[in-house]
Each structure stands twice: as structure tokens, then as C-alpha cells.
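Asker: Following this line is query_6.cif, made up of mmCIF, N, CA and C atoms:
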data_final
loop_
_atom_site.label_atom_id
_atom_site.label_comp_id
_atom_site.auth_asym_id
_atom_site.auth_seq_id
_atom_site.Cartn_x
_atom_site.Cartn_y
_atom_site.Cartn_z
N MET A 619 -20.93 15.71 -6.16
CA MET A 619 -19.76 16.13 -5.40
C MET A 619 -19.07 17.28 -6.09
N ARG A 620 -18.49 18.12 -5.26
CA ARG A 620 -17.76 19.25 -5.81
C ARG A 620 -16.42 19.38 -5.11
N GLY A 621 -15.56 20.18 -5.68
CA GLY A 621 -14.28 20.50 -5.05
C GLY A 621 -13.32 19.33 -4.97
N PRO A 622 -12.52 19.30 -3.90
CA PRO A 622 -11.47 18.29 -3.76
C PRO A 622 -12.00 16.86 -3.72
N ASP A 623 -13.22 16.66 -3.12
CA ASP A 623 -13.78 15.31 -3.06
C ASP A 623 -14.03 14.75 -4.45
N MET A 624 -14.52 15.58 -5.34
CA MET A 624 -14.76 15.15 -6.71
C MET A 624 -13.45 14.81 -7.41
N ASP A 625 -12.45 15.65 -7.21
CA ASP A 625 -11.16 15.41 -7.84
C ASP A 625 -10.56 14.09 -7.38
N MET A 626 -10.64 13.81 -6.07
CA MET A 626 -10.07 12.58 -5.54
C MET A 626 -10.85 11.37 -6.07
N LYS A 627 -12.18 11.47 -6.11
CA LYS A 627 -12.98 10.36 -6.61
C LYS A 627 -12.63 10.08 -8.06
N GLN A 628 -12.51 11.11 -8.87
CA GLN A 628 -12.15 10.93 -10.27
C GLN A 628 -10.76 10.32 -10.39
N ARG A 629 -9.82 10.76 -9.55
CA ARG A 629 -8.45 10.23 -9.58
C ARG A 629 -8.45 8.74 -9.25
N LEU A 630 -9.20 8.36 -8.21
CA LEU A 630 -9.28 6.95 -7.84
C LEU A 630 -9.87 6.11 -8.96
N GLU A 631 -10.95 6.60 -9.57
CA GLU A 631 -11.59 5.86 -10.65
C GLU A 631 -10.66 5.75 -11.85
N THR A 632 -9.99 6.83 -12.20
CA THR A 632 -9.07 6.82 -13.35
C THR A 632 -7.92 5.87 -13.11
N MET A 633 -7.29 5.93 -11.93
CA MET A 633 -6.16 5.06 -11.64
C MET A 633 -6.59 3.60 -11.63
N THR A 634 -7.78 3.32 -11.07
CA THR A 634 -8.26 1.94 -11.01
C THR A 634 -8.57 1.43 -12.41
N GLU A 635 -9.19 2.25 -13.24
CA GLU A 635 -9.55 1.82 -14.59
C GLU A 635 -8.32 1.64 -15.48
N THR A 636 -7.36 2.52 -15.36
CA THR A 636 -6.24 2.49 -16.30
C THR A 636 -5.10 1.59 -15.87
N SER A 637 -4.85 1.50 -14.57
CA SER A 637 -3.68 0.73 -14.15
C SER A 637 -3.92 -0.15 -12.94
N GLY A 638 -5.16 -0.35 -12.55
CA GLY A 638 -5.39 -1.09 -11.33
C GLY A 638 -4.93 -0.26 -10.16
N THR A 639 -4.50 -0.91 -9.10
CA THR A 639 -4.06 -0.15 -7.94
C THR A 639 -2.58 -0.35 -7.67
N ALA A 640 -1.87 -1.07 -8.54
CA ALA A 640 -0.45 -1.33 -8.29
C ALA A 640 0.36 -1.05 -9.54
N GLN A 641 1.59 -0.63 -9.31
CA GLN A 641 2.49 -0.35 -10.42
C GLN A 641 3.90 -0.68 -9.97
N ASP A 642 4.58 -1.55 -10.73
CA ASP A 642 5.97 -1.86 -10.41
C ASP A 642 6.84 -0.67 -10.75
N VAL A 643 7.84 -0.44 -9.93
CA VAL A 643 8.77 0.66 -10.16
C VAL A 643 10.19 0.11 -10.11
N GLU A 644 11.15 0.90 -10.61
CA GLU A 644 12.54 0.48 -10.56
C GLU A 644 12.96 0.29 -9.12
N SER A 645 13.74 -0.76 -8.88
CA SER A 645 14.15 -1.04 -7.51
C SER A 645 15.65 -1.27 -7.43
N PRO A 646 16.20 -1.04 -6.25
CA PRO A 646 17.61 -1.33 -6.05
C PRO A 646 17.85 -2.83 -6.26
N GLU A 647 19.06 -3.18 -6.60
CA GLU A 647 19.38 -4.58 -6.86
C GLU A 647 18.97 -5.46 -5.68
N GLY A 648 18.26 -6.54 -5.97
CA GLY A 648 17.85 -7.48 -4.95
C GLY A 648 16.58 -7.10 -4.21
N ALA A 649 16.01 -5.96 -4.51
CA ALA A 649 14.78 -5.53 -3.83
C ALA A 649 13.61 -5.59 -4.79
N CYS A 650 12.44 -5.77 -4.24
CA CYS A 650 11.20 -5.76 -5.00
C CYS A 650 10.42 -4.54 -4.54
N VAL A 651 9.99 -3.70 -5.48
CA VAL A 651 9.31 -2.45 -5.14
C VAL A 651 8.06 -2.31 -6.01
N ARG A 652 6.97 -1.89 -5.39
CA ARG A 652 5.73 -1.66 -6.13
C ARG A 652 4.98 -0.50 -5.49
N GLN A 653 4.41 0.35 -6.33
CA GLN A 653 3.57 1.44 -5.84
C GLN A 653 2.12 0.99 -5.87
N VAL A 654 1.39 1.33 -4.81
CA VAL A 654 -0.02 0.99 -4.71
C VAL A 654 -0.81 2.24 -4.33
N LEU A 655 -2.08 2.18 -4.62
CA LEU A 655 -2.99 3.28 -4.32
C LEU A 655 -3.87 2.90 -3.14
N VAL A 656 -4.01 3.80 -2.17
CA VAL A 656 -4.94 3.59 -1.07
C VAL A 656 -6.31 3.96 -1.61
N ALA A 657 -7.13 2.96 -1.93
CA ALA A 657 -8.39 3.21 -2.62
C ALA A 657 -9.61 3.05 -1.72
N ASN A 658 -9.45 2.52 -0.52
CA ASN A 658 -10.61 2.40 0.35
C ASN A 658 -10.96 3.77 0.94
N GLN A 659 -12.22 3.95 1.29
CA GLN A 659 -12.73 5.27 1.67
C GLN A 659 -12.10 5.86 2.92
N LEU A 660 -11.66 5.03 3.85
CA LEU A 660 -11.16 5.55 5.12
C LEU A 660 -9.64 5.56 5.21
N GLY A 661 -8.95 5.15 4.15
CA GLY A 661 -7.49 5.16 4.17
C GLY A 661 -6.94 4.04 5.03
N LEU A 662 -5.69 4.20 5.46
CA LEU A 662 -5.03 3.17 6.27
C LEU A 662 -5.33 3.40 7.75
N HIS A 663 -6.52 3.01 8.16
CA HIS A 663 -6.89 3.08 9.57
C HIS A 663 -6.48 1.77 10.24
N ALA A 664 -6.92 1.53 11.45
CA ALA A 664 -6.42 0.40 12.26
C ALA A 664 -6.63 -0.96 11.61
N ARG A 665 -7.79 -1.22 11.04
CA ARG A 665 -8.03 -2.55 10.48
C ARG A 665 -7.12 -2.86 9.29
N PRO A 666 -7.02 -1.98 8.29
CA PRO A 666 -6.08 -2.26 7.19
C PRO A 666 -4.64 -2.35 7.67
N ALA A 667 -4.27 -1.49 8.62
CA ALA A 667 -2.90 -1.53 9.14
C ALA A 667 -2.61 -2.87 9.80
N SER A 668 -3.59 -3.41 10.52
CA SER A 668 -3.38 -4.71 11.16
C SER A 668 -3.30 -5.83 10.13
N GLN A 669 -4.08 -5.73 9.04
CA GLN A 669 -4.00 -6.73 7.97
C GLN A 669 -2.63 -6.71 7.31
N ILE A 670 -2.11 -5.52 7.05
CA ILE A 670 -0.79 -5.39 6.44
C ILE A 670 0.27 -6.01 7.35
N ALA A 671 0.26 -5.62 8.63
CA ALA A 671 1.26 -6.12 9.58
C ALA A 671 1.18 -7.64 9.71
N ARG A 672 -0.02 -8.17 9.82
CA ARG A 672 -0.21 -9.62 9.96
C ARG A 672 0.33 -10.37 8.75
N GLU A 673 0.01 -9.89 7.55
CA GLU A 673 0.50 -10.53 6.33
C GLU A 673 2.02 -10.41 6.22
N ALA A 674 2.55 -9.23 6.52
CA ALA A 674 3.99 -9.00 6.41
C ALA A 674 4.77 -9.90 7.36
N GLN A 675 4.23 -10.13 8.55
CA GLN A 675 4.90 -10.96 9.54
C GLN A 675 5.04 -12.42 9.09
N GLY A 676 4.25 -12.81 8.12
CA GLY A 676 4.32 -14.17 7.60
C GLY A 676 5.45 -14.39 6.61
N PHE A 677 6.21 -13.37 6.31
CA PHE A 677 7.31 -13.47 5.35
C PHE A 677 8.64 -13.22 6.03
N ALA A 678 9.66 -13.90 5.54
CA ALA A 678 11.01 -13.70 6.07
C ALA A 678 11.62 -12.40 5.56
N ALA A 679 11.15 -11.92 4.44
CA ALA A 679 11.69 -10.70 3.82
C ALA A 679 11.58 -9.50 4.74
N SER A 680 12.48 -8.57 4.56
CA SER A 680 12.38 -7.27 5.21
C SER A 680 11.42 -6.44 4.36
N ILE A 681 10.35 -5.94 4.95
CA ILE A 681 9.31 -5.25 4.18
C ILE A 681 9.07 -3.87 4.79
N SER A 682 9.07 -2.86 3.95
CA SER A 682 8.78 -1.51 4.43
C SER A 682 7.77 -0.85 3.50
N LEU A 683 7.09 0.15 4.04
CA LEU A 683 6.15 0.97 3.29
C LEU A 683 6.69 2.39 3.29
N VAL A 684 6.59 3.04 2.15
CA VAL A 684 7.08 4.40 2.02
C VAL A 684 5.92 5.28 1.56
N GLY A 685 5.70 6.35 2.29
CA GLY A 685 4.65 7.28 1.91
C GLY A 685 4.71 8.51 2.79
N GLN A 686 4.19 9.60 2.30
CA GLN A 686 4.14 10.84 3.07
C GLN A 686 5.53 11.25 3.57
N GLY A 687 6.57 10.90 2.81
CA GLY A 687 7.92 11.29 3.18
C GLY A 687 8.57 10.47 4.28
N GLN A 688 7.98 9.34 4.62
CA GLN A 688 8.57 8.50 5.66
C GLN A 688 8.57 7.03 5.25
N THR A 689 9.48 6.28 5.84
CA THR A 689 9.60 4.84 5.60
C THR A 689 9.34 4.13 6.91
N VAL A 690 8.43 3.13 6.88
CA VAL A 690 8.07 2.42 8.10
C VAL A 690 8.16 0.91 7.88
N ASP A 691 8.27 0.19 8.98
CA ASP A 691 8.31 -1.27 8.99
C ASP A 691 6.89 -1.80 8.78
N ALA A 692 6.67 -2.55 7.70
CA ALA A 692 5.34 -3.07 7.40
C ALA A 692 4.89 -4.13 8.38
N LYS A 693 5.80 -4.67 9.18
CA LYS A 693 5.46 -5.71 10.15
C LYS A 693 4.96 -5.14 11.47
N SER A 694 4.94 -3.82 11.59
CA SER A 694 4.50 -3.15 12.81
C SER A 694 3.23 -2.34 12.54
N ILE A 695 2.14 -2.72 13.20
CA ILE A 695 0.88 -2.01 13.00
C ILE A 695 1.03 -0.53 13.38
N LEU A 696 1.75 -0.24 14.45
CA LEU A 696 1.92 1.16 14.86
C LEU A 696 2.70 1.95 13.83
N ASP A 697 3.73 1.34 13.27
CA ASP A 697 4.49 2.02 12.22
C ASP A 697 3.61 2.31 11.01
N VAL A 698 2.81 1.33 10.60
CA VAL A 698 1.93 1.50 9.44
C VAL A 698 0.94 2.64 9.70
N LEU A 699 0.40 2.69 10.90
CA LEU A 699 -0.56 3.75 11.24
C LEU A 699 0.07 5.14 11.18
N THR A 700 1.37 5.24 11.46
CA THR A 700 2.01 6.57 11.45
C THR A 700 2.07 7.17 10.05
N LEU A 701 1.86 6.35 9.02
CA LEU A 701 1.83 6.90 7.66
C LEU A 701 0.65 7.85 7.47
N ALA A 702 -0.42 7.62 8.23
CA ALA A 702 -1.63 8.44 8.12
C ALA A 702 -2.05 8.63 6.66
N ALA A 703 -2.01 7.54 5.91
CA ALA A 703 -2.31 7.60 4.48
C ALA A 703 -3.82 7.58 4.24
N GLY A 704 -4.31 8.66 3.70
CA GLY A 704 -5.73 8.78 3.41
C GLY A 704 -6.07 8.24 2.03
N PRO A 705 -7.35 8.24 1.70
CA PRO A 705 -7.79 7.78 0.38
C PRO A 705 -7.11 8.58 -0.73
N GLY A 706 -6.65 7.88 -1.74
CA GLY A 706 -5.98 8.53 -2.86
C GLY A 706 -4.47 8.64 -2.70
N SER A 707 -3.96 8.28 -1.52
CA SER A 707 -2.52 8.32 -1.29
C SER A 707 -1.82 7.21 -2.06
N THR A 708 -0.59 7.47 -2.44
CA THR A 708 0.23 6.45 -3.08
C THR A 708 1.26 5.97 -2.07
N ILE A 709 1.37 4.67 -1.94
CA ILE A 709 2.30 4.03 -1.01
C ILE A 709 3.23 3.15 -1.83
N GLU A 710 4.49 3.12 -1.45
CA GLU A 710 5.45 2.24 -2.10
C GLU A 710 5.76 1.09 -1.14
N ILE A 711 5.62 -0.13 -1.64
CA ILE A 711 5.96 -1.32 -0.87
C ILE A 711 7.36 -1.74 -1.31
N ARG A 712 8.27 -1.91 -0.35
CA ARG A 712 9.63 -2.34 -0.65
C ARG A 712 9.93 -3.60 0.16
N ALA A 713 10.51 -4.58 -0.49
CA ALA A 713 10.88 -5.80 0.23
C ALA A 713 12.19 -6.33 -0.32
N SER A 714 12.96 -6.93 0.57
CA SER A 714 14.19 -7.60 0.15
C SER A 714 14.34 -8.88 0.96
N GLY A 715 14.87 -9.90 0.31
CA GLY A 715 15.03 -11.20 0.95
C GLY A 715 14.50 -12.29 0.05
N ASP A 716 14.57 -13.51 0.54
CA ASP A 716 14.21 -14.67 -0.27
C ASP A 716 12.79 -14.64 -0.81
N ASP A 717 11.83 -14.23 0.00
CA ASP A 717 10.43 -14.24 -0.44
C ASP A 717 9.88 -12.83 -0.68
N ALA A 718 10.76 -11.91 -1.07
CA ALA A 718 10.37 -10.51 -1.26
C ALA A 718 9.28 -10.35 -2.31
N GLU A 719 9.43 -11.04 -3.43
CA GLU A 719 8.44 -10.89 -4.50
C GLU A 719 7.06 -11.34 -4.05
N ALA A 720 7.00 -12.48 -3.36
CA ALA A 720 5.72 -12.98 -2.86
C ALA A 720 5.13 -12.03 -1.82
N ALA A 721 5.97 -11.46 -0.98
CA ALA A 721 5.51 -10.52 0.04
C ALA A 721 4.88 -9.28 -0.59
N VAL A 722 5.57 -8.71 -1.57
CA VAL A 722 5.06 -7.52 -2.24
C VAL A 722 3.75 -7.83 -2.96
N GLU A 723 3.69 -8.97 -3.59
CA GLU A 723 2.46 -9.37 -4.29
C GLU A 723 1.29 -9.50 -3.31
N ARG A 724 1.51 -10.16 -2.19
CA ARG A 724 0.44 -10.38 -1.21
C ARG A 724 -0.04 -9.06 -0.62
N ILE A 725 0.88 -8.20 -0.25
CA ILE A 725 0.48 -6.92 0.34
C ILE A 725 -0.20 -6.03 -0.70
N SER A 726 0.26 -6.10 -1.94
CA SER A 726 -0.39 -5.35 -3.03
C SER A 726 -1.83 -5.79 -3.20
N GLN A 727 -2.08 -7.08 -3.04
CA GLN A 727 -3.44 -7.60 -3.17
C GLN A 727 -4.37 -7.03 -2.10
N LEU A 728 -3.85 -6.79 -0.91
CA LEU A 728 -4.67 -6.17 0.13
C LEU A 728 -5.14 -4.78 -0.33
N PHE A 729 -4.23 -4.03 -0.92
CA PHE A 729 -4.59 -2.70 -1.43
C PHE A 729 -5.56 -2.82 -2.60
N ALA A 730 -5.32 -3.78 -3.49
CA ALA A 730 -6.16 -3.95 -4.68
C ALA A 730 -7.59 -4.32 -4.30
N THR A 731 -7.76 -5.06 -3.22
CA THR A 731 -9.10 -5.46 -2.78
C THR A 731 -9.68 -4.49 -1.74
N ARG A 732 -9.00 -3.38 -1.56
CA ARG A 732 -9.44 -2.34 -0.63
C ARG A 732 -9.63 -2.90 0.79
N PHE A 733 -8.83 -3.87 1.15
CA PHE A 733 -8.84 -4.46 2.48
C PHE A 733 -10.21 -5.02 2.84
N GLY A 734 -10.96 -5.42 1.81
CA GLY A 734 -12.29 -5.98 2.04
C GLY A 734 -13.35 -4.95 2.32
N GLU A 735 -13.02 -3.67 2.15
CA GLU A 735 -13.97 -2.59 2.39
C GLU A 735 -14.54 -2.11 1.06
N LYS A 736 -15.59 -1.31 1.15
CA LYS A 736 -16.19 -0.75 -0.07
C LYS A 736 -15.53 0.54 -0.43
#
Would you give me this structure, written as C-alpha cells?

Answerer:
Amino acid sequence: MRGPDMDMKQRLETMTETSGTAQDVESPEGACVRQVLVANQLGLHARPASQIAREAQGFAASISLVGQGQTVDAKSILDVLTLAAGPGSTIEIRASGDDAEAAVERISQLFATRFGEK
């Protein structure tokens, strides 16, 4: 591989080897925030977006995803799709409420396992 594809592949491998696909970041009081890497080859297409929305709907917490300069409701598949996050993108998961920490952990795991894709 040459050019941008090689750079992205190296970035994905480096981030996965050194820090996994998730990183906790400073959050506003009462909120749980974590940055994740979109590591699957096709990015956040319909199937991963539906997995995120389905998992998010199982929590009482308010959950949003931030990426590409926009914030969307993680419980809405259409909102998640509007992020148009491709491979190598960084997404921030934000949650607040009683089960916020569990929600962020579960959604982070979807990213860490590449939504079951290669």
C-alpha cells in the first residue's frame, strides 16, 4: 500500500497496539466521556450504527456521539449515520445519568471489537 491508505493502516495499527481503541478523557461533572477509534474497514455504516443505537436504547442514560464537528443522539440510527465516520476516525462517546459509565463501556466495546467485522 502507498499514500494515504498506508498512513491510515499504520495509524490504526499503532493506536490499537499502544492504547487499544478507547481512551478516557476529561468530562464535565456527572458525565462519562471516552474517545474511541473507528477501526473497522467500512467505518460507521448501517450495521454498526444500528448496533450502537440498539445498545444505547437499553440504557436510561443520555448518550451522544461526537465526531466530525457534530454531536448526535446515540439512540438514533439515523443520527449515528450522519456522522459519516470512516475508518481511522475518532469518536467521543458522552453519557450522563445513572448508568452512564456502563453505557459508555458497552458502546466502547462495540468499537473495540470492530462491530464483529474484520

Asker: List the neighbours of stretch 725-735 of chain A out to 6 Å using only N, CA and C atoms; skip same-chain residues closer than 5 positions along the sequence, and give me the result as a ChimeraX atom specification.

Answerer: /A:639,655,657-658,666,720

Asker: So which one's closest to A:Ala702, A:Gln659, A:Gln675, A:Gln669, A:Gln686? Using only N, CA and C atoms, please.

Answerer: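 The shortest atom-to-atom distance to A:Ala702 comes from A:Gln686.
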
Asker: Give me every strand (DSSP E or B) residue in stretch 635-730 of chain A, going by DSSP on the backbone, as a PyMOL selection string.

Answerer: chain A and resi 640-642+649-655+680-685+688-691+708-714

Asker: Do you know which residues the PyMOL selection byres ((chain A and resi 682) around 5) returns on this file, as a PyMOL selection string?

Answerer: chain A and resi 680-681+683-684+690-692+711-713

Asker: Env of A:Pro705: 5 Å cut, atoms = only N, CA and C atoms, seq-sep filter 6 positions within chain, self excluded. Answer as a VMD selection string.

Answerer: chain A and resid 656 660 to 661

Asker: Mind giving me the straight-line distance from atom CA of A:Asp716 to atom N of A:Ala678 in Å, one decimal?

Answerer: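 Distance reported for this atom pair: 7.4 Å.
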
Asker: Atom C of A:Lys736 to atom CA of A:Cys650: how many Å, to one decimal?

Answerer: 27.8 Å

Asker: For the alpha helix (DSSP H) assignment from backbone DSSP, which residues of stretch 664-711 of chain A qualify? Please present them as a list of chain:residue names.

Answerer: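 Here are the alpha helix (DSSP H) residues of stretch 664-711 of chain A: A:Ala664, A:Arg665, A:Pro666, A:Ala667, A:Ser668, A:Gln669, A:Ile670, A:Ala671, A:Arg672, A:Glu673, A:Ala674, A:Gln675, A:Ile695, A:Leu696, A:Asp697, A:Val698, A:Leu699, A:Thr700.
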
Asker: Would you write out, as JSON, numbers by chain, every residue that the PyMOL selection byres ((chain A and resi 708) around 5) captures in this file?

Answerer: {"A": [654, 655, 706, 707, 709, 710]}

Asker: Using only C-alpha atoms, which residues sit within 8 Å of A:Leu699 once same-chain residues fewer than 3 positions away are excluded, as a PyMOL selection string?

Answerer: chain A and resi 662-664+667+695-696+702-703

Asker: Do you have the atom CA of A:Glu673-atom N of A:Ser714 distance handy?

Answerer: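 Computed distance, atom CA of A:Glu673 to atom N of A:Ser714, equals 14.2 Å.
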